[in-house]
Structures are given as structure tokens and as C-alpha cells.
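Dropping input_29.json in here (JSON, C-alpha atoms):
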[["chain", "number", "residue", "atom", "x", "y", "z"],
["A", 1, "MET", "CA", 0.00, 0.00, 0.00],
["A", 2, "THR", "CA", 1.30, 3.46, -0.87],
["A", 3, "ASP", "CA", 1.70, 6.34, 1.59],
["A", 4, "LYS", "CA", -1.10, 8.18, -0.17],
["A", 5, "ASN", "CA", -3.59, 5.42, 0.39],
["A", 6, "ILE", "CA", -2.64, 5.32, 4.04],
["A", 7, "LEU", "CA", -3.15, 9.08, 4.24],
["A", 8, "LEU", "CA", -6.64, 8.93, 2.73],
["A", 9, "GLN", "CA", -7.64, 5.96, 4.88],
["A", 10, "SER", "CA", -7.06, 8.01, 8.02],
["A", 11, "ILE", "CA", -9.58, 10.61, 6.83],
["A", 12, "GLU", "CA", -13.36, 10.58, 6.89],
["A", 13, "PHE", "CA", -15.30, 11.59, 3.79],
["A", 14, "ASP", "CA", -18.99, 12.18, 3.20],
["A", 15, "ASP", "CA", -20.98, 10.27, 0.57],
["A", 16, "GLU", "CA", -19.89, 12.65, -2.16],
["A", 17, "GLY", "CA", -16.19, 12.62, -1.37],
["A", 18, "TYR", "CA", -15.96, 15.85, 0.62],
["A", 19, "LEU", "CA", -14.03, 15.90, 3.89],
["A", 20, "ALA", "CA", -16.30, 15.19, 6.84],
["A", 21, "ASP", "CA", -14.05, 17.19, 9.17],
["A", 22, "LEU", "CA", -12.48, 20.41, 7.91],
["A", 23, "SER", "CA", -9.63, 20.14, 10.42],
["A", 24, "GLN", "CA", -8.34, 16.90, 8.89],
["A", 25, "TRP", "CA", -7.25, 18.83, 5.82],
["A", 26, "SER", "CA", -3.58, 19.31, 4.97],
["A", 27, "PRO", "CA", -1.74, 20.29, 1.77],
["A", 28, "GLU", "CA", -0.87, 16.60, 1.36],
["A", 29, "VAL", "CA", -4.55, 15.70, 1.46],
["A", 30, "ALA", "CA", -5.21, 18.30, -1.24],
["A", 31, "GLU", "CA", -2.39, 16.87, -3.39],
["A", 32, "THR", "CA", -3.79, 13.38, -3.08],
["A", 33, "LEU", "CA", -7.36, 14.42, -3.87],
["A", 34, "ALA", "CA", -6.05, 16.44, -6.83],
["A", 35, "GLN", "CA", -4.39, 13.33, -8.22],
["A", 36, "GLN", "CA", -7.75, 11.59, -8.10],
["A", 37, "GLU", "CA", -9.11, 14.42, -10.24],
["A", 38, "GLY", "CA", -6.15, 14.10, -12.60],
["A", 39, "LEU", "CA", -4.78, 17.48, -11.55],
["A", 40, "SER", "CA", -1.35, 18.47, -10.38],
["A", 41, "LEU", "CA", -1.45, 21.49, -8.16],
["A", 42, "THR", "CA", 0.46, 24.63, -9.12],
["A", 43, "GLU", "CA", 0.84, 27.97, -7.34],
["A", 44, "ALA", "CA", -2.27, 29.13, -9.25],
["A", 45, "HIS", "CA", -4.29, 26.29, -7.73],
["A", 46, "TRP", "CA", -2.97, 26.84, -4.22],
["A", 47, "GLU", "CA", -3.93, 30.50, -4.07],
["A", 48, "ILE", "CA", -7.51, 29.54, -4.90],
["A", 49, "LEU", "CA", -7.55, 26.74, -2.33],
["A", 50, "TYR", "CA", -6.27, 29.03, 0.43],
["A", 51, "LEU", "CA", -8.74, 31.71, -0.63],
["A", 52, "LEU", "CA", -11.53, 29.14, -0.26],
["A", 53, "ARG", "CA", -10.39, 28.15, 3.20],
["A", 54, "GLU", "CA", -10.34, 31.82, 4.17],
["A", 55, "PHE", "CA", -13.85, 32.25, 2.69],
["A", 56, "TYR", "CA", -15.10, 29.35, 4.77],
["A", 57, "ALA", "CA", -13.49, 30.66, 7.96],
["A", 58, "LEU", "CA", -15.28, 33.98, 7.48],
["A", 59, "TYR", "CA", -18.64, 32.98, 6.03],
["A", 60, "GLU", "CA", -19.06, 29.38, 7.28],
["A", 61, "HIS", "CA", -20.15, 27.94, 3.95],
["A", 62, "ALA", "CA", -18.57, 26.93, 0.66],
["A", 63, "PRO", "CA", -19.32, 29.44, -2.09],
["A", 64, "ALA", "CA", -21.29, 28.75, -5.27],
["A", 65, "MET", "CA", -19.65, 29.80, -8.54],
["A", 66, "ARG", "CA", -20.88, 33.38, -8.59],
["A", 67, "PRO", "CA", -19.59, 34.48, -5.17],
["A", 68, "LEU", "CA", -16.41, 32.46, -5.73],
["A", 69, "VAL", "CA", -15.64, 34.41, -8.91],
["A", 70, "LYS", "CA", -16.38, 37.66, -7.11],
["A", 71, "ALA", "CA", -14.21, 36.75, -4.12],
["A", 72, "VAL", "CA", -11.32, 35.76, -6.43],
["A", 73, "LYS", "CA", -11.73, 39.04, -8.30],
["A", 74, "GLN", "CA", -11.56, 41.04, -5.08],
["A", 75, "LYS", "CA", -8.51, 39.19, -3.72],
["A", 76, "LEU", "CA", -6.51, 38.24, -6.79],
["A", 77, "GLY", "CA", -7.57, 40.80, -9.39],
["A", 78, "ASP", "CA", -9.72, 41.06, -12.50],
["A", 79, "GLU", "CA", -7.59, 38.70, -14.59],
["A", 80, "LYS", "CA", -8.22, 35.77, -12.28],
["A", 81, "GLY", "CA", -11.73, 36.74, -11.21],
["A", 82, "LYS", "CA", -13.33, 35.09, -14.23],
["A", 83, "SER", "CA", -15.14, 31.78, -14.52],
["A", 84, "ILE", "CA", -13.01, 30.76, -17.52],
["A", 85, "TYR", "CA", -9.85, 31.09, -15.39],
["A", 86, "LEU", "CA", -11.34, 28.86, -12.67],
["A", 87, "MET", "CA", -12.62, 26.41, -15.29],
["A", 88, "GLN", "CA", -9.09, 25.99, -16.58],
["A", 89, "LEU", "CA", -7.70, 25.32, -13.10],
["A", 90, "PHE", "CA", -10.51, 23.10, -11.87],
["A", 91, "PRO", "CA", -12.24, 21.64, -14.93],
["A", 92, "GLY", "CA", -15.81, 20.43, -14.73],
["A", 93, "SER", "CA", -17.47, 22.26, -11.90],
["A", 94, "PRO", "CA", -14.87, 24.63, -10.41],
["A", 95, "ALA", "CA", -16.86, 25.54, -7.29],
["A", 96, "LYS", "CA", -17.36, 21.87, -6.39],
["A", 97, "VAL", "CA", -13.92, 20.57, -7.35],
["A", 98, "SER", "CA", -12.04, 23.38, -5.63],
["A", 99, "ALA", "CA", -14.20, 23.08, -2.49],
["A", 100, "ARG", "CA", -13.44, 19.37, -2.31],
["A", 101, "LEU", "CA", -9.70, 19.90, -2.69],
["A", 102, "ALA", "CA", -9.75, 22.70, -0.11],
["A", 103, "GLY", "CA", -11.41, 20.36, 2.40],
["A", 104, "LEU", "CA", -14.70, 22.27, 2.51],
["A", 105, "PRO", "CA", -18.20, 20.79, 2.43],
["A", 106, "LYS", "CA", -20.01, 20.65, -0.90],
["A", 107, "PRO", "CA", -21.27, 24.09, -1.89],
["A", 108, "ASP", "CA", -25.03, 24.57, -1.38],
["A", 109, "ASN", "CA", -26.93, 26.30, -4.14],
["A", 110, "CYS", "CA", -24.46, 25.08, -6.71],
["A", 111, "LEU", "CA", -25.78, 24.52, -10.22],
["B", 1, "MET", "CA", -52.68, 45.18, -6.78],
["B", 2, "ILE", "CA", -51.77, 42.54, -4.24],
["B", 3, "LEU", "CA", -53.88, 39.89, -2.54],
["B", 4, "HIS", "CA", -52.74, 39.55, 1.08],
["B", 5, "THR", "CA", -53.73, 36.40, 2.93],
["B", 6, "LEU", "CA", -53.65, 36.33, 6.73],
["B", 7, "ASN", "CA", -53.96, 33.13, 8.79],
["B", 8, "GLN", "CA", -53.18, 34.32, 12.32],
["B", 9, "ALA", "CA", -55.68, 34.71, 15.15],
["B", 10, "PRO", "CA", -56.05, 38.07, 16.94],
["B", 11, "ALA", "CA", -53.40, 37.21, 19.58],
["B", 12, "ASN", "CA", -50.87, 37.80, 16.85],
["B", 13, "THR", "CA", -51.53, 41.52, 16.49],
["B", 14, "ALA", "CA", -48.15, 42.20, 14.89],
["B", 15, "CYS", "CA", -48.97, 39.97, 11.96],
["B", 16, "PHE", "CA", -52.24, 41.82, 11.36],
["B", 17, "GLN", "CA", -50.65, 45.25, 11.79],
["B", 18, "SER", "CA", -47.80, 44.44, 9.41],
["B", 19, "ALA", "CA", -50.16, 43.16, 6.77],
["B", 20, "LEU", "CA", -52.15, 46.37, 7.15],
["B", 21, "SER", "CA", -49.16, 48.62, 6.84],
["B", 22, "ALA", "CA", -48.07, 46.82, 3.68],
["B", 23, "MET", "CA", -51.46, 47.34, 2.01],
["B", 24, "ASP", "CA", -52.72, 50.15, -0.12],
["B", 25, "GLU", "CA", -56.23, 50.87, -1.32],
["B", 26, "GLN", "CA", -55.92, 48.75, -4.47],
["B", 27, "ASP", "CA", -54.95, 45.67, -2.45],
["B", 28, "SER", "CA", -57.26, 43.09, -0.91],
["B", 29, "LEU", "CA", -57.05, 41.14, 2.32],
["B", 30, "LEU", "CA", -58.31, 37.58, 2.56],
["B", 31, "LEU", "CA", -58.77, 36.08, 6.03],
["B", 32, "ILE", "CA", -58.09, 32.35, 6.11],
["B", 33, "GLU", "CA", -57.68, 29.65, 8.78],
["B", 34, "ASP", "CA", -57.39, 31.26, 12.26],
["B", 35, "GLY", "CA", -57.29, 34.65, 10.55],
["B", 36, "VAL", "CA", -61.08, 34.50, 10.20],
["B", 37, "TYR", "CA", -61.47, 35.34, 13.91],
["B", 38, "TRP", "CA", -60.67, 38.92, 12.88],
["B", 39, "ALA", "CA", -64.14, 38.88, 11.32],
["B", 40, "LEU", "CA", -65.76, 38.87, 14.78],
["B", 41, "PRO", "CA", -67.65, 42.06, 15.70],
["B", 42, "ALA", "CA", -65.08, 42.82, 18.42],
["B", 43, "TYR", "CA", -62.54, 43.65, 15.73],
["B", 44, "SER", "CA", -64.78, 45.54, 13.36],
["B", 45, "ASP", "CA", -62.98, 48.84, 14.07],
["B", 46, "GLN", "CA", -59.62, 47.37, 13.10],
["B", 47, "LEU", "CA", -61.10, 45.83, 9.96],
["B", 48, "ALA", "CA", -62.68, 49.15, 9.05],
["B", 49, "SER", "CA", -59.23, 50.77, 9.01],
["B", 50, "ILE", "CA", -58.07, 48.47, 6.20],
["B", 51, "PRO", "CA", -57.49, 50.51, 3.05],
["B", 52, "GLY", "CA", -58.61, 47.89, 0.48],
["B", 53, "ARG", "CA", -61.34, 45.24, 0.27],
["B", 54, "VAL", "CA", -61.59, 42.46, 2.85],
["B", 55, "PHE", "CA", -62.76, 38.88, 2.27],
["B", 56, "ALA", "CA", -63.00, 35.76, 4.41],
["B", 57, "LEU", "CA", -62.88, 32.13, 3.39],
["B", 58, "GLU", "CA", -66.35, 30.72, 3.94],
["B", 59, "ALA", "CA", -65.27, 27.21, 4.96],
["B", 60, "ASP", "CA", -62.97, 28.57, 7.67],
["B", 61, "ILE", "CA", -65.65, 30.98, 8.93],
["B", 62, "ARG", "CA", -68.25, 28.20, 9.16],
["B", 63, "SER", "CA", -65.88, 25.62, 10.63],
["B", 64, "ARG", "CA", -65.05, 27.93, 13.51],
["B", 65, "GLY", "CA", -68.56, 29.17, 14.12],
["B", 66, "VAL", "CA", -67.64, 32.76, 13.41],
["B", 67, "GLY", "CA", -71.10, 34.21, 12.86],
["B", 68, "ASN", "CA", -72.44, 37.71, 12.38],
["B", 69, "SER", "CA", -69.74, 38.62, 9.97],
["B", 70, "THR", "CA", -70.59, 41.36, 7.53],
["B", 71, "LEU", "CA", -67.55, 40.43, 5.47],
["B", 72, "GLU", "CA", -67.76, 39.17, 1.95],
["B", 73, "CYS", "CA", -67.31, 35.42, 2.15],
["B", 74, "ILE", "CA", -65.82, 33.43, -0.69],
["B", 75, "ASP", "CA", -65.42, 29.74, -1.47],
["B", 76, "ASP", "CA", -62.38, 28.00, -2.96],
["B", 77, "SER", "CA", -63.16, 29.02, -6.51],
["B", 78, "GLY", "CA", -63.57, 32.59, -5.31],
["B", 79, "PHE", "CA", -60.13, 32.25, -3.70],
["B", 80, "VAL", "CA", -58.69, 31.18, -7.04],
["B", 81, "GLN", "CA", -60.38, 34.08, -8.79],
["B", 82, "LEU", "CA", -58.91, 36.53, -6.29],
["B", 83, "CYS", "CA", -55.45, 35.03, -6.85],
["B", 84, "VAL", "CA", -55.62, 35.52, -10.60],
["B", 85, "SER", "CA", -57.25, 38.94, -10.50],
["B", 86, "HIS", "CA", -54.37, 40.34, -8.39],
["B", 87, "HIS", "CA", -50.79, 40.75, -9.58],
["B", 88, "LYS", "CA", -49.38, 38.67, -6.79],
["B", 89, "VAL", "CA", -50.22, 37.03, -3.51],
["B", 90, "VAL", "CA", -48.40, 37.79, -0.26],
["B", 91, "SER", "CA", -49.05, 35.58, 2.73],
["B", 92, "TRP", "CA", -48.90, 36.75, 6.31],
["B", 93, "PHE", "CA", -48.45, 33.94, 8.83],
["C", 1, "MET", "CA", -42.13, 51.68, -13.26],
["C", 2, "SER", "CA", -42.44, 48.00, -14.12],
["C", 3, "ALA", "CA", -41.99, 45.48, -11.33],
["C", 4, "GLU", "CA", -38.78, 43.50, -11.32],
["C", 5, "GLY", "CA", -36.81, 41.19, -9.08],
["C", 6, "ILE", "CA", -37.77, 39.19, -6.04],
["C", 7, "LEU", "CA", -38.54, 40.56, -2.61],
["C", 8, "ILE", "CA", -37.93, 38.09, 0.19],
["C", 9, "MET", "CA", -39.82, 39.16, 3.27],
["C", 10, "THR", "CA", -38.85, 37.56, 6.55],
["C", 11, "ARG", "CA", -40.64, 38.15, 9.87],
["C", 12, "ALA", "CA", -39.30, 35.45, 12.18],
["C", 13, "ALA", "CA", -36.56, 35.63, 14.81],
["C", 14, "PRO", "CA", -33.52, 33.44, 14.10],
["C", 15, "TYR", "CA", -32.80, 30.02, 15.68],
["C", 16, "GLY", "CA", -36.29, 29.38, 17.13],
["C", 17, "SER", "CA", -37.29, 27.93, 13.79],
["C", 18, "SER", "CA", -35.58, 27.39, 10.46],
["C", 19, "ALA", "CA", -37.44, 30.33, 8.86],
["C", 20, "ALA", "CA", -34.55, 32.81, 9.06],
["C", 21, "ARG", "CA", -32.09, 30.33, 7.60],
["C", 22, "ASP", "CA", -34.62, 29.36, 4.90],
["C", 23, "ALA", "CA", -35.09, 32.99, 3.89],
["C", 24, "LEU", "CA", -31.33, 33.46, 3.61],
["C", 25, "ASP", "CA", -30.93, 30.23, 1.60],
["C", 26, "ALA", "CA", -33.72, 31.31, -0.72],
["C", 27, "ALA", "CA", -31.98, 34.65, -1.25],
["C", 28, "LEU", "CA", -28.64, 32.96, -2.07],
["C", 29, "THR", "CA", -30.35, 30.56, -4.45],
["C", 30, "CYS", "CA", -32.12, 33.40, -6.28],
["C", 31, "SER", "CA", -28.76, 35.09, -6.67],
["C", 32, "VAL", "CA", -27.17, 31.94, -8.10],
["C", 33, "PHE", "CA", -29.91, 32.00, -10.75],
["C", 34, "GLU", "CA", -29.04, 35.67, -11.37],
["C", 35, "GLN", "CA", -32.36, 36.99, -10.12],
["C", 36, "PRO", "CA", -32.11, 40.38, -8.43],
["C", 37, "VAL", "CA", -33.05, 40.00, -4.77],
["C", 38, "THR", "CA", -34.13, 42.43, -2.08],
["C", 39, "LEU", "CA", -34.45, 41.29, 1.52],
["C", 40, "LEU", "CA", -37.06, 42.86, 3.79],
["C", 41, "PHE", "CA", -36.80, 42.33, 7.54],
["C", 42, "LEU", "CA", -40.06, 42.96, 9.38],
["C", 43, "ASP", "CA", -41.32, 42.37, 12.93],
["C", 44, "ASP", "CA", -39.18, 39.77, 14.78],
["C", 45, "GLY", "CA", -37.25, 39.31, 11.52],
["C", 46, "VAL", "CA", -35.13, 42.34, 12.48],
["C", 47, "PHE", "CA", -33.56, 40.17, 15.22],
["C", 48, "GLN", "CA", -31.88, 38.18, 12.43],
["C", 49, "LEU", "CA", -29.58, 41.13, 11.78],
["C", 50, "LEU", "CA", -28.45, 41.71, 15.37],
["C", 51, "LYS", "CA", -24.67, 41.63, 15.51],
["C", 52, "GLY", "CA", -22.66, 39.51, 17.90],
["C", 53, "GLN", "CA", -24.62, 36.29, 17.42],
["C", 54, "SER", "CA", -22.78, 33.18, 18.57],
["C", 55, "PRO", "CA", -25.10, 30.16, 18.44],
["C", 56, "THR", "CA", -22.49, 27.39, 18.84],
["C", 57, "GLU", "CA", -23.90, 26.40, 22.23],
["C", 58, "ILE", "CA", -27.26, 25.67, 20.65],
["C", 59, "SER", "CA", -25.56, 23.80, 17.78],
["C", 60, "GLN", "CA", -26.65, 26.15, 15.05],
["C", 61, "LYS", "CA", -24.78, 27.90, 12.27],
["C", 62, "ASN", "CA", -24.07, 31.57, 12.84],
["C", 63, "LEU", "CA", -26.42, 33.57, 10.66],
["C", 64, "ASN", "CA", -24.09, 36.58, 10.82],
["C", 65, "ALA", "CA", -21.38, 34.63, 8.97],
["C", 66, "VAL", "CA", -23.56, 33.94, 5.95],
["C", 67, "GLN", "CA", -25.11, 37.42, 6.07],
["C", 68, "GLN", "CA", -21.69, 39.00, 5.69],
["C", 69, "SER", "CA", -21.22, 37.16, 2.40],
["C", 70, "LEU", "CA", -24.39, 38.71, 0.89],
["C", 71, "PRO", "CA", -22.45, 41.40, -1.04],
["C", 72, "LEU", "CA", -20.47, 38.60, -2.75],
["C", 73, "TYR", "CA", -23.82, 37.24, -3.97],
["C", 74, "ASP", "CA", -24.67, 40.76, -5.22],
["C", 75, "ILE", "CA", -27.44, 41.03, -2.65],
["C", 76, "GLU", "CA", -26.91, 44.62, -1.60],
["C", 77, "ARG", "CA", -30.42, 45.84, -0.85],
["C", 78, "LEU", "CA", -31.43, 44.99, 2.70],
["C", 79, "CYS", "CA", -34.54, 46.78, 3.88],
["C", 80, "VAL", "CA", -35.54, 46.99, 7.52],
["C", 81, "SER", "CA", -38.81, 48.27, 8.91],
["C", 82, "ARG", "CA", -38.35, 51.39, 11.02],
["C", 83, "SER", "CA", -41.36, 50.63, 13.22],
["C", 84, "SER", "CA", -40.10, 47.08, 13.85],
["C", 85, "LEU", "CA", -36.72, 48.47, 14.94],
["C", 86, "ASP", "CA", -38.29, 51.23, 17.06],
["C", 87, "SER", "CA", -40.70, 48.98, 18.89],
["C", 88, "ARG", "CA", -37.80, 46.66, 19.82],
["C", 89, "GLY", "CA", -35.56, 49.49, 20.99],
["C", 90, "LEU", "CA", -33.06, 48.83, 18.22],
["C", 91, "GLY", "CA", -31.16, 51.11, 15.87],
["C", 92, "THR", "CA", -29.09, 50.53, 12.75],
["C", 93, "ASP", "CA", -25.93, 50.52, 14.93],
["C", 94, "ASP", "CA", -27.12, 47.27, 16.46],
["C", 95, "LEU", "CA", -27.18, 45.56, 13.06],
["C", 96, "ILE", "CA", -24.45, 43.54, 11.38],
["C", 97, "LEU", "CA", -24.81, 45.09, 7.92],
["C", 98, "PRO", "CA", -25.69, 48.49, 6.48],
["C", 99, "VAL", "CA", -29.42, 48.59, 5.76],
["C", 100, "GLU", "CA", -32.07, 50.75, 4.18],
["C", 101, "VAL", "CA", -34.60, 51.76, 6.82],
["C", 102, "VAL", "CA", -38.14, 51.91, 5.46],
["C", 103, "GLY", "CA", -41.13, 53.55, 7.09],
["C", 104, "ASP", "CA", -44.56, 51.92, 7.19],
["C", 105, "ALA", "CA", -45.81, 54.33, 4.54],
["C", 106, "GLU", "CA", -43.18, 53.05, 2.08],
["C", 107, "LEU", "CA", -44.05, 49.37, 2.49],
["C", 108, "PRO", "CA", -46.87, 49.14, -0.09],
["C", 109, "GLN", "CA", -44.59, 50.64, -2.73],
["C", 110, "LEU", "CA", -41.71, 48.31, -1.83],
["C", 111, "LEU", "CA", -43.99, 45.29, -2.31],
["C", 112, "SER", "CA", -45.49, 46.55, -5.56],
["C", 113, "GLN", "CA", -42.14, 47.40, -7.16],
["C", 114, "HIS", "CA", -41.00, 43.76, -7.09],
["C", 115, "ARG", "CA", -42.30, 41.18, -9.52],
["C", 116, "HIS", "CA", -42.49, 38.49, -6.86],
["C", 117, "VAL", "CA", -42.82, 38.61, -3.09],
["C", 118, "LEU", "CA", -41.79, 35.57, -1.06],
["C", 119, "SER", "CA", -42.90, 35.53, 2.54],
["C", 120, "ILE", "CA", -40.70, 33.21, 4.58]]
Kindly return the structure encoded in the file as C-alpha cells.
Amino acid sequence: MTDKNILLQSIEFDDEGYLADLSQWSPEVAETLAQQEGLSLTEAHWEILYLLREFYALYEHAPAMRPLVKAVKQKLGDEKGKSIYLMQLFPGSPAKVSARLAGLPKPDNCL
Amino acid sequence: MILHTLNQAPANTACFQSALSAMDEQDSLLLIEDGVYWALPAYSDQLASIPGRVFALEADIRSRGVGNSTLECIDDSGFVQLCVSHHKVVSWF
Amino acid sequence: MSAEGILIMTRAAPYGSSAARDALDAALTCSVFEQPVTLLFLDDGVFQLLKGQSPTEISQKNLNAVQQSLPLYDIERLCVSRSSLDSRGLGTDDLILPVEVVGDAELPQLLSQHRHVLSI
């Protein structure tokens, strides 16, 4: 068994693959979950993941796409505050994928 | 033109007052469920201060034995007609 | 002026029932569907906006936390009834967010200027 499997086995997930306990998150957990998504995390990914964790600490919920784009725009500038930018980093459903990697619950109200 | 429905008995004065303050003369008020107790003679002064028309749902009036009401009573199809003849319905509960 | 947007009217105090949370969720959902939303706090609903809430002991989520994210959902118009504040001895300084205080006389117009009114 690899180290990564051991890491994930020590963590509890909900039915949809989101961390059951926010505090069990670590950058290694994010790396491992990213691999499952076929992503390798770059600086550009990390700044979004940390922004999400900050969002959750303040507002106690995971953002849907619209507020996520707006929060990214406010923190990281107009260039990055676009859905196309987030789509490129977290293909599929950026709000859901990025929330999962950041160790947050699944966003409510997410289309 | 809004139809306001109110389902709270007179103990809940705030609900009644708020509905009233949100109404203008083109609006209507429909008393339903426990709201029909407002149709009792004891509250006729308050009802008289309502700017628009006032209705009560017949079945709720009869079920509760609220007699002597001078209000216009309507049945379910009348309720539906009121809903479609107003722009929207706002419920107070 | 033609009516547009959705007015969500909420009259219940927080935590005693799920109404306050439901109203907030409805507002966020409307925003996700890009519908313009106005929130109206009436009667005990004004208690929802009191600052300094900390409901961890009663195992509930802090309403204030979600409320502070409303600008990120482009929900900027929060209306509060002046008479509801007055009769509870509250002022806008007691509230977590900047609000538009509306008098009783302005209520009929506020309701008629929105296409839909949701009472939660």
C-alpha cells in the first residue's frame, strides 16, 4: 500500500467525497485528492484553495460559482476573477472541485 | 394590486398590523384559517381601518362558528379568482 | 415603473425555527440564478440582523457569517422596517450590515415594485 492510500484511509469523507471534518485537511490531502481528479497542483491552484479556506473561515459555507468568482476578483484581481480562469484550473465544476480539494463541504446552491 | 392572505388569530396583532401597513387601497385582504377570527364584531374597528377590500374564506368561517360577519365570504373558486385577479399574492403567517 | 426582481420578506426571529435560515438560503439561491433580490426584515425578523450572534452552544450555524457574504452574492439591498426596529428598541448601529430603513408608509410601494414577493 502506498503512503497516499494510508493518508486517505485516516480521513473521513462524506458520501460525495468531501471531507467530513475540515480540520483533517492538509496540503498533502489536497495533493492526493487532486491526483484523483487528474490534476497536479500549481501555485495558481494553491492560491484559490487558500482563498476558499479563508472564505469558509469567514462565512461558514462553501461558495457557489458566482460568489467564488467575485471573491477571487476582489482578492486576486480582475484577470483571475473570471469563470473561464477557474474552469481551466478546476475543470468540470470549479466551485465543487475546488471546495473538495480545499477540504470544505459541498457548496449549497451550486448549479 | 396585491392579494394579502392572513392566517393568524387576533393574539398575533403584529402579523395583522404588518399586513395592514403593507397594504394600499388597491390591495385586498383575505382572512383564512385562524385569521377569520378577525371577522368577529369585536374587531370591526380594526377591519374598518383596512385601506382595500376584505374577504373571508367561507369554509374557515363556518368551521369555527364565526357568525355575524358582515364580510364578503368566498369559497375556494372565489379564492382562485382573487389570486388571478391580483398581480401577486403575499401571505402573512 | 415595471416590477422587477424578487422581494424576500422575513418576519421570524432566528434560531427558534428554520425560517430565518430558509429565507437566507432562498436569497442565495435566487442570486445563483441571477435573479435580483431584495431582503425585507419585518417584525421579529429584524432580530436576524443583530450583531454579535454566537449560536455554537445551541448547535446552530451563525447567521451573521452567511449574512456577511451577501455582497459577494450581489445582494446589496437589505430593507428593515423602522417601526419594527423602534418597537424593539433597536437602531441601525445594532445591526451587522448596512441597511435601508423603510417607514410603514413606504411598504406598499416596496412590495409593488418587485415582480415576486416571497414571505418566509
Exercise for the section: Please provide the set of residues having any atom within 10 Å of Leu28 of chain C, restricted to all atoms listed in the file, with same-chain residues fewer than 2 positions apart removed, written as a ChimeraX atom specification. Expected result: /A:63-64,67,108-109 /C:22-26,30-35,37,66-67,69-70,72-75
Fill in the blank from the handout: The distance between atom CA of Leu68 of chain A and atom CA of Leu19 of chain A is 19.3 Å
Exercise for the section: Name the residues in contact with segment 10-16 of chain A at a cut-off of 12 Å, using all atoms listed in the file, excluding same-chain residues fewer than 2 positions from it; report them as number ranges by chain. Expected result: A: 3-8, 18-26, 28-30, 32-33, 96-97, 99-101, 103-107
Each residue of chain C with at least one atom at most 10 Å from chain B should appear once, together with its nearest atom pair and the corresponding distance in Å (one decimal); atoms considered: only C-alpha atoms; ordering: chain, then increasing residue number; output as a tab-separated table.
residue	atom	partner	partner_atom	distance
C:Met9	CA	B:Val90	CA	9.4
C:Arg11	CA	B:Cys15	CA	8.8
C:Ala12	CA	B:Phe93	CA	9.9
C:Leu42	CA	B:Ser18	CA	7.9
C:Asp43	CA	B:Ala14	CA	7.1
C:Asp44	CA	B:Ala14	CA	9.3
C:Ser81	CA	B:Ser18	CA	9.8
C:Ser83	CA	B:Ser18	CA	9.7
C:Ser84	CA	B:Ser18	CA	9.3
C:Gly103	CA	B:Ser21	CA	9.4
C:Asp104	CA	B:Ser21	CA	5.7
C:Ala105	CA	B:Ser21	CA	7.0
C:Glu106	CA	B:Ala22	CA	8.1
C:Leu107	CA	B:Ala22	CA	4.9
C:Pro108	CA	B:Ala22	CA	4.6
C:Gln109	CA	B:Ala22	CA	8.2
C:Leu110	CA	B:Ala22	CA	8.5
C:Leu111	CA	B:Ala22	CA	7.4
C:Ser112	CA	B:Met1	CA	7.4
C:His114	CA	B:Lys88	CA	9.8
C:Arg115	CA	B:Lys88	CA	8.0
C:His116	CA	B:Lys88	CA	6.9
C:Val117	CA	B:Val90	CA	6.3
C:Leu118	CA	B:Val90	CA	7.0
C:Ser119	CA	B:Ser91	CA	6.2
C:Ile120	CA	B:Phe93	CA	8.9
Exercise for the section: Work out how far atom CA of Tyr59 of chain A is from atom CA of Val99 of chain C, in Å to one decimal. Expected result: 19.0 Å
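Distance-wise, atom CA of Leu49 of chain A and atom CA of Ala102 of chain A end up 5.1 Å apart.
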Problem - Which residue of A:Glu43, A:Glu31, A:Ala71, A:Met87 approaches Phe55 of chain A most closely, using all atoms listed in the file - result: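 The shortest atom-to-atom distance to Phe55 of chain A comes from A:Ala71.
Residues in contact with Gln26 of chain B at 10 Å, where only C-alpha atoms are counted and same-chain residues fewer than 6 positions away are skipped, are listed as Met1, Ile2, Leu3, Pro51, Gly52, Arg53 and His86 of chain B.
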Practice task
May I have the residues at most 9 Å from (-68.3, 40.7, 17.8) in the file's coordinates, counting all atoms listed in the file, as an MDAnalysis selection string?
Solution key: chainID B and resid 39:44 67:69
Handout entry: Which of A:Gln9, A:Ala44, A:Pro27, A:Leu58 sits closest to chain C [using only C-alpha atoms]
Key = A:Leu58
Exercise for the section: Tell me which protein, DNA and RNA residues are within 12 Å of Phe47 of chain C, counting only C-alpha atoms, leaving out same-chain ones fewer than 4 positions away, and put them as a count of residues only. Expected result: 29
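Ranking A:Arg53, A:His45, A:Lys75, A:Arg66 by their shortest atom-to-atom distance to chain C, with all atoms listed in the file included, puts A:Arg66 first.
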Set up a box along x, y and z of the file covering all listed atoms of segment 77-89 of chain C, add 5 Å on every one of the six sides, and write the centre and edge lengths in Å to one decimal, as lines of an AutoDock Vina configuration file.
center_x = -35.9
center_y = 48.2
center_z = 10.1
size_x = 20.9
size_y = 16.4
size_z = 31.8
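With only C-alpha atoms as the atoms that count, the minimum distance from Ile48 of chain A to the choices A:Glu60, A:Pro91, A:Gly77, A:Val72 is reached by A:Val72.
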